[in-house]
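File shown here: protein34.tsv, holding TSV, C-alpha atoms and all ligand atoms.
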chain	number	residue	atom	x	y	z
M	270	MET	CA	0.00	0.00	0.00
M	271	ALA	CA	2.81	2.34	0.90
M	272	LEU	CA	4.43	1.57	-2.39
M	273	SER	CA	1.25	2.39	-4.28
M	274	LEU	CA	0.98	5.77	-2.57
M	275	SER	CA	4.53	6.59	-3.46
M	276	LEU	CA	3.87	5.86	-7.07
M	277	VAL	CA	0.81	8.10	-7.01
M	278	LEU	CA	2.85	10.94	-5.46
M	279	ILE	CA	5.59	10.52	-8.03
M	280	ALA	CA	3.01	10.59	-10.77
M	281	ALA	CA	1.46	13.73	-9.32
M	282	SER	CA	4.86	15.38	-9.16
M	283	VAL	CA	5.48	14.63	-12.80
M	284	VAL	CA	2.15	16.23	-13.64
M	285	VAL	CA	3.05	19.37	-11.65
M	286	ILE	CA	6.48	19.61	-13.22
M	287	GLY	CA	4.94	19.18	-16.60
M	288	ALA	CA	2.44	21.93	-15.87
M	289	VAL	CA	5.16	24.32	-14.81
M	290	ALA	CA	7.16	23.55	-17.87
M	291	GLY	CA	4.05	24.06	-19.90
M	292	ASP	CA	3.43	27.48	-18.35
M	293	ASP	CA	6.94	28.49	-19.07
M	294	SER	CA	6.55	27.38	-22.63
M	295	ASN	CA	3.31	29.29	-23.01
M	296	GLY	CA	4.91	32.50	-21.78
M	297	ASP	CA	7.71	32.28	-24.26
M	298	THR	CA	7.10	34.71	-27.10
M	299	GLY	CA	10.40	33.96	-28.77
M	300	PRO	CA	10.73	32.26	-32.05
M	301	SER	CA	9.77	28.69	-32.26
M	302	ALA	CA	10.40	26.18	-34.88
M	303	ALA	CA	6.74	26.15	-35.82
M	304	SER	CA	6.44	29.87	-36.52
M	305	ASP	CA	9.89	31.03	-37.53
M	306	PRO	CA	9.20	33.97	-39.87
M	307	THR	CA	12.74	33.83	-41.22
M	308	GLU	CA	12.29	30.34	-42.45
M	309	THR	CA	11.79	30.20	-46.17
M	310	PRO	CA	8.78	28.09	-46.98
M	311	THR	CA	9.76	25.11	-48.97
M	312	VAL	CA	8.59	25.62	-52.57
M	313	ARG	CA	8.49	22.40	-54.40
M	314	PRO	CA	9.08	22.72	-58.14
M	315	ALA	CA	5.90	22.22	-60.06
M	316	PRO	CA	5.93	18.95	-61.93
M	317	ALA	CA	7.31	19.65	-65.39
M	318	GLU	CA	4.63	19.97	-68.01
M	319	PRO	CA	5.18	17.40	-70.73
M	320	PRO	CA	6.37	19.30	-73.81
M	321	PRO	CA	3.69	19.65	-76.46
M	322	PRO	CA	4.18	17.01	-79.09
M	323	ALA	CA	6.13	18.40	-82.01
M	324	PRO	CA	3.99	18.58	-85.13
M	325	VAL	CA	4.84	15.41	-86.95
M	326	ASP	CA	4.76	15.67	-90.70
M	327	THR	CA	3.32	12.30	-91.45
M	328	PHE	CA	2.66	13.13	-95.08
M	329	ASP	CA	4.66	10.77	-97.26
M	330	ARG	CA	6.14	12.89	-100.04
M	331	ALA	CA	7.47	9.79	-101.74
M	332	ALA	CA	4.13	8.00	-101.99
M	333	HIS	CA	3.98	8.50	-105.75
M	334	SER	CA	6.50	9.13	-108.49
M	335	LEU	CA	7.06	12.68	-109.71
M	336	ASP	CA	8.51	11.40	-113.00
M	337	ASP	CA	6.29	8.55	-114.16
M	338	PRO	CA	3.68	10.01	-116.53
M	339	MET	CA	1.13	7.54	-115.13
M	340	SER	CA	1.64	8.85	-111.58
M	341	ILE	CA	-1.06	11.20	-110.26
M	342	TRP	CA	1.81	13.28	-108.84
M	343	VAL	CA	3.80	13.59	-112.08
M	344	VAL	CA	5.25	17.10	-112.27
M	345	VAL	CA	5.24	18.51	-115.78
M	346	ASN	CA	6.72	21.92	-116.45
M	347	LYS	CA	9.14	23.67	-118.81
M	348	LEU	CA	12.05	21.74	-117.32
M	349	ARG	CA	10.17	18.45	-116.96
M	350	PRO	CA	8.66	17.20	-120.24
M	351	LEU	CA	6.58	14.06	-120.30
M	352	THR	CA	8.63	10.94	-120.87
M	353	PRO	CA	8.11	9.76	-123.50
M	354	GLN	CA	7.19	13.11	-124.99
M	355	ASP	CA	4.30	11.56	-126.95
M	356	PHE	CA	2.92	9.80	-123.84
M	357	GLU	CA	-0.75	8.89	-124.05
M	358	PRO	CA	-2.62	7.62	-120.95
M	359	PRO	CA	-4.21	4.19	-121.52
M	360	ASP	CA	-7.26	4.79	-119.33
M	361	LEU	CA	-8.84	7.88	-120.88
M	362	VAL	CA	-12.61	8.09	-120.56
M	363	ASP	CA	-15.27	10.55	-121.66
M	364	VAL	CA	-16.00	12.97	-118.83
M	365	PRO	CA	-19.79	13.12	-118.45
M	366	VAL	CA	-20.13	16.86	-117.79
M	367	GLU	CA	-21.18	19.93	-119.74
M	368	HIS	CA	-18.44	21.06	-122.12
M	369	THR	CA	-17.45	23.11	-125.11
M	370	ASN	CA	-14.98	20.52	-126.39
M	371	GLU	CA	-15.52	16.78	-125.84
M	372	PRO	CA	-13.48	16.15	-122.69
M	373	LEU	CA	-11.33	13.09	-122.02
M	374	LEU	CA	-9.55	12.43	-118.74
M	375	ARG	CA	-8.09	9.48	-116.91
M	376	GLN	CA	-10.83	7.61	-115.02
M	377	GLU	CA	-9.85	8.82	-111.53
M	378	ALA	CA	-9.70	12.46	-112.59
M	379	SER	CA	-12.96	12.15	-114.51
M	380	ASP	CA	-14.78	10.83	-111.45
M	381	ALA	CA	-13.41	13.71	-109.39
M	382	VAL	CA	-14.58	16.29	-111.95
M	383	VAL	CA	-18.10	14.84	-111.91
M	384	SER	CA	-18.18	15.05	-108.09
M	385	MET	CA	-16.83	18.59	-108.10
M	386	PHE	CA	-19.26	19.91	-110.71
M	387	GLN	CA	-22.14	18.31	-108.79
M	388	ALA	CA	-20.99	19.88	-105.53
M	389	ALA	CA	-20.68	23.31	-107.13
M	390	PHE	CA	-24.30	23.04	-108.17
M	391	ASP	CA	-25.61	21.47	-104.95
M	392	GLU	CA	-23.71	23.77	-102.59
M	393	ALA	CA	-23.69	27.04	-104.52
M	394	GLY	CA	-26.06	26.68	-107.45
M	395	LEU	CA	-23.16	27.14	-109.88
M	396	GLU	CA	-23.14	25.48	-113.29
M	397	LEU	CA	-19.71	24.61	-114.63
M	398	ALA	CA	-18.43	23.36	-117.96
M	399	SER	CA	-15.24	21.82	-119.25
M	400	ASN	CA	-13.43	23.92	-121.83
M	401	SER	CA	-10.52	21.54	-122.41
M	402	ALA	CA	-9.19	18.39	-120.76
M	403	TYR	CA	-6.82	15.77	-122.22
M	404	ARG	CA	-4.83	16.99	-125.19
M	405	SER	CA	-2.57	14.66	-127.11
M	406	TYR	CA	0.93	15.61	-128.25
M	407	SER	CA	-0.37	16.33	-131.74
M	408	ALA	CA	-3.35	18.33	-130.41
M	409	GLN	CA	-0.93	20.44	-128.41
M	410	GLU	CA	1.01	21.16	-131.59
M	411	ASN	CA	-2.12	22.98	-132.77
M	412	VAL	CA	-2.71	24.72	-129.43
M	413	TYR	CA	0.82	26.03	-128.97
M	414	ASP	CA	0.85	29.56	-130.33
M	415	GLY	CA	4.46	30.49	-129.69
M	416	ASP	CA	3.70	32.39	-126.48
M	417	ASP	CA	5.48	30.40	-123.80
M	418	LEU	CA	3.80	32.33	-120.98
M	419	THR	CA	0.31	31.18	-121.93
M	420	THR	CA	0.69	27.95	-123.90
M	421	ALA	CA	2.86	24.88	-123.52
M	422	ARG	CA	5.00	23.30	-126.18
M	423	PRO	CA	3.98	19.76	-127.21
M	424	GLY	CA	5.39	17.23	-124.74
M	425	PHE	CA	5.48	19.85	-121.98
M	426	SER	CA	1.72	20.32	-121.45
M	427	GLU	CA	0.04	19.17	-118.27
M	428	HIS	CA	-3.06	18.53	-120.36
M	429	GLN	CA	-1.22	15.60	-121.95
M	430	THR	CA	-1.23	13.76	-118.58
M	431	GLY	CA	-5.01	13.25	-118.72
M	432	LEU	CA	-5.17	14.77	-115.24
M	433	THR	CA	-5.83	18.40	-116.14
M	434	ILE	CA	-8.96	20.32	-117.04
M	435	ASP	CA	-9.81	23.90	-117.92
M	436	ILE	CA	-13.10	24.87	-116.26
M	437	GLY	CA	-15.44	27.80	-116.72
M	438	PRO	CA	-19.04	28.82	-116.14
M	439	LEU	CA	-21.58	27.02	-118.30
M	440	SER	CA	-22.59	30.50	-119.50
M	441	GLY	CA	-19.18	30.88	-121.15
M	442	GLU	CA	-18.52	34.14	-119.32
M	443	CYS	CA	-14.80	34.69	-118.75
M	444	SER	CA	-13.93	31.30	-120.23
M	445	LEU	CA	-10.14	30.89	-120.35
M	446	ASP	CA	-9.87	34.50	-119.16
M	447	PRO	CA	-8.34	35.84	-115.94
M	448	CYS	CA	-11.64	37.61	-115.19
M	449	LEU	CA	-12.93	34.16	-114.16
M	450	ALA	CA	-11.19	34.77	-110.86
M	451	GLU	CA	-13.77	37.44	-110.01
M	452	LEU	CA	-16.81	35.35	-110.84
M	453	PRO	CA	-18.60	33.15	-108.28
M	454	GLU	CA	-17.56	30.10	-110.32
M	455	GLY	CA	-13.88	31.04	-110.20
M	456	ILE	CA	-14.03	31.84	-106.49
M	457	TRP	CA	-15.82	28.60	-105.68
M	458	LEU	CA	-13.30	26.56	-107.66
M	459	ARG	CA	-10.36	28.33	-106.05
M	460	ASP	CA	-11.73	27.64	-102.57
M	461	ASN	CA	-13.11	24.12	-103.03
M	462	ALA	CA	-11.18	22.29	-105.75
M	463	TRP	CA	-8.77	20.80	-103.18
M	464	ARG	CA	-11.64	18.85	-101.60
M	465	PHE	CA	-11.91	16.88	-104.84
M	466	GLY	CA	-8.18	16.42	-105.35
M	467	PHE	CA	-7.49	19.36	-107.66
M	468	ILE	CA	-5.05	22.24	-107.36
M	469	LEU	CA	-5.12	25.59	-109.12
M	470	ARG	CA	-1.87	24.92	-110.95
M	471	TYR	CA	-0.93	28.42	-112.11
M	472	PRO	CA	-1.64	30.90	-109.29
M	473	ALA	CA	-1.45	34.63	-109.91
M	474	ASP	CA	1.80	35.29	-108.07
M	475	LYS	CA	3.73	32.17	-109.04
M	476	THR	CA	4.76	32.84	-112.62
M	477	PRO	CA	8.48	32.78	-111.67
M	478	VAL	CA	7.94	29.26	-110.30
M	479	THR	CA	5.50	27.72	-112.78
M	480	GLY	CA	6.48	29.62	-115.91
M	481	TYR	CA	2.87	30.47	-116.67
M	482	SER	CA	0.70	33.52	-116.11
M	483	PHE	CA	-2.35	33.30	-113.85
M	484	GLU	CA	-4.85	30.71	-115.10
M	485	PRO	CA	-7.82	30.61	-112.71
M	486	TRP	CA	-9.45	28.03	-115.00
M	487	HIS	CA	-6.66	25.42	-115.11
M	488	PHE	CA	-6.98	22.66	-112.51
M	489	ARG	CA	-4.71	19.69	-112.09
M	490	TYR	CA	-5.79	16.49	-110.40
M	491	VAL	CA	-3.28	15.24	-107.82
M	492	GLY	CA	-5.61	13.25	-105.54
M	493	VAL	CA	-7.28	14.31	-102.32
M	494	PRO	CA	-4.37	13.58	-99.93
M	495	LEU	CA	-1.87	15.83	-101.74
M	496	ALA	CA	-4.42	18.53	-102.54
M	497	THR	CA	-5.44	18.59	-98.88
M	498	GLU	CA	-1.83	18.73	-97.67
M	499	MET	CA	-1.07	21.63	-100.01
M	500	HIS	CA	-4.26	23.40	-98.91
M	501	GLU	CA	-3.38	22.97	-95.23
M	502	THR	CA	0.28	23.93	-95.56
M	503	GLY	CA	-0.36	26.80	-97.94
M	504	VAL	CA	2.33	25.59	-100.35
M	505	VAL	CA	0.54	26.16	-103.62
M	506	THR	CA	2.86	24.92	-106.36
M	507	LEU	CA	4.08	21.39	-106.98
M	508	GLU	CA	7.58	22.76	-107.56
M	509	GLU	CA	7.73	24.33	-104.09
M	510	PHE	CA	5.97	21.47	-102.32
M	511	PHE	CA	8.38	18.86	-103.67
M	512	GLY	CA	11.46	21.09	-103.61
M	513	LEU	CA	11.88	21.03	-107.38
M	514	PRO	CA	13.63	23.78	-109.32
M	515	ALA	CA	11.49	26.68	-110.44
M	516	ALA	CA	10.72	26.41	-114.14
M	517	PRO	CA	10.18	29.91	-115.53
M	518	ASP	CA	11.73	29.02	-118.87
M	519	TYR	CA	12.61	26.08	-121.05
M	520	GLY	CA	16.10	24.85	-120.24
M	601	ZN	ZN	-5.17	24.44	-119.06

In structure tokens, write the structure found in this file.
Ligand SMILES: [Zn+2]
Amino acid sequence: MALSLSLVLIAASVVVIGAVAGDDSNGDTGPSAASDPTETPTVRPAPAEPPPPAPVDTFDRAAHSLDDPMSIWVVVNKLRPLTPQDFEPPDLVDVPVEHTNEPLLRQEASDAVVSMFQAAFDEAGLELASNSAYRSYSAQENVYDGDDLTTARPGFSEHQTGLTIDIGPLSGECSLDPCLAELPEGIWLRDNAWRFGFILRYPADKTPVTGYSFEPWHFRYVGVPLATEMHETGVVTLEEFFGLPAAPDYG
């Protein structure tokens, strides 16, 4: 019993000592570890943002030949004649659209023209016509008028690929004339031809590259993937897109 009492007294003493110590601690207005104003708060570096993915150019610029006259990407200009020069596509078909001259094109390009003319009518009420499409080497001999800025020499004409068409309003207004660019038909074609795989091959400000003056009527079929890529990148000539030499003149 005596031992138990002693333990109780010892315990009570510890409590008193603790209370005194606690009072002392409470009266202390000095700095404490918990509220040290000189301590710099720890700033953890924000987790690094993952860098935005670099735009990956997934477009395969080697998907088709630029030289083979049967390739939908063949580049024909004053430095790049068709090979052979009297090349004639084997898959020419009649293009079932309104026209001034009976148009022939390669099947794929013909189908695209039909879709494009239909869309021009459905979306904008515009009626288009073909003014010229495939022209053979011998036909080009008759077309070439000696002016290298406006007509191609035989063997150097994009029309000989069977992938190119000159388009105008069915009314005939501004046919094969730069004023087509101001008409609704010319504006619609300029803005929408890419959706059907065509490019405006001879833009107004690219004569030093293409070798030809502005032809708002002349559209070249290159397929939807390339036409879309050129539309999205804003690179408007085949020469610039593929890094080929400018072709202002015959070599
Ligand atoms: Zn043309």

Exercise for review: Mind checking which residues fall within 9 Å of Glu396 of chain M, counting all atoms listed in the file, ignoring those fewer than 2 positions away in the same chain, and posting them as a list in words?
Suggested key: Glu367, Phe386, Gln387, Ala389, Phe390, Ala393, Gly394, Ala398, Gly437, Pro438, Leu439, Ser440 and Glu454 of chain M

How close does segment 375-451 of chain M get to segment 334-345 of chain M? List, as a Markdown table, each residue of segment 375-451 of chain M within 7 Å, its nearest atom pair and the distance in Å to one decimal, counting all atoms listed in the file.
| residue | atom | partner | partner_atom | distance |
| --- | --- | --- | --- | --- |
| M:Phe425 | CA | M:Val345 | CA | 6.3 |
| M:Ser426 | CA | M:Val345 | CA | 6.9 |
| M:Glu427 | CA | M:Val345 | CA | 5.8 |
| M:Thr430 | CA | M:Pro338 | CA | 6.5 |

Written selection (C-alpha atoms) as a PDB file, in the coordinates of the input:
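Saved the output as result.pdb:
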ATOM      1  CA  PHE M 425       5.480  19.850-121.980  1.00  0.00           C
ATOM      2  CA  SER M 426       1.720  20.320-121.450  1.00  0.00           C
ATOM      3  CA  GLU M 427       0.040  19.170-118.270  1.00  0.00           C
ATOM      4  CA  THR M 430      -1.230  13.760-118.580  1.00  0.00           C
TER       5      THR M 430
END

Review point. Skipping near chain neighbours, those fewer than 5 positions away, what residues fall within 9 Å of Asn370 of chain M using only C-alpha atoms, listed as a list in words?
Key: Ser399, Asn400, Ser401 and Ala402 of chain M

Practice item. List all protein, DNA and RNA residues that have an atom no more than 7 Å from any atom of ligand ZN 601 (chain M), counting all atoms listed in the file, and report them as JSON, numbers by chain. Key: {"M": [401, 428, 433, 434, 435, 486, 487]}

Practice item. Please indicate the distance in Å from atom CA of Pro494 of chain M to atom CA of Val382 of chain M, rounded to one decimal place. Key: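 Atom CA of Pro494 of chain M sits 16.0 Å away from atom CA of Val382 of chain M.
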
**Study point:** Between atom CA of Ala381 of chain M and atom CA of Val325 of chain M - distance in Å to one decimal
**Key:** 29.0 Å

Review point. Using only C-alpha atoms, which of the listed residues (M:Pro350, M:Pro453, M:Pro447, M:Pro514) sits closest to Ser482 of chain M?
Key: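 Comparing M:Pro350, M:Pro453, M:Pro447, M:Pro514 against Ser482 of chain M, the winner is M:Pro447.
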
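The interatomic distance for the pair atom CA of Cys448 of chain M and atom CA of Glu484 of chain M works out to 9.7 Å.
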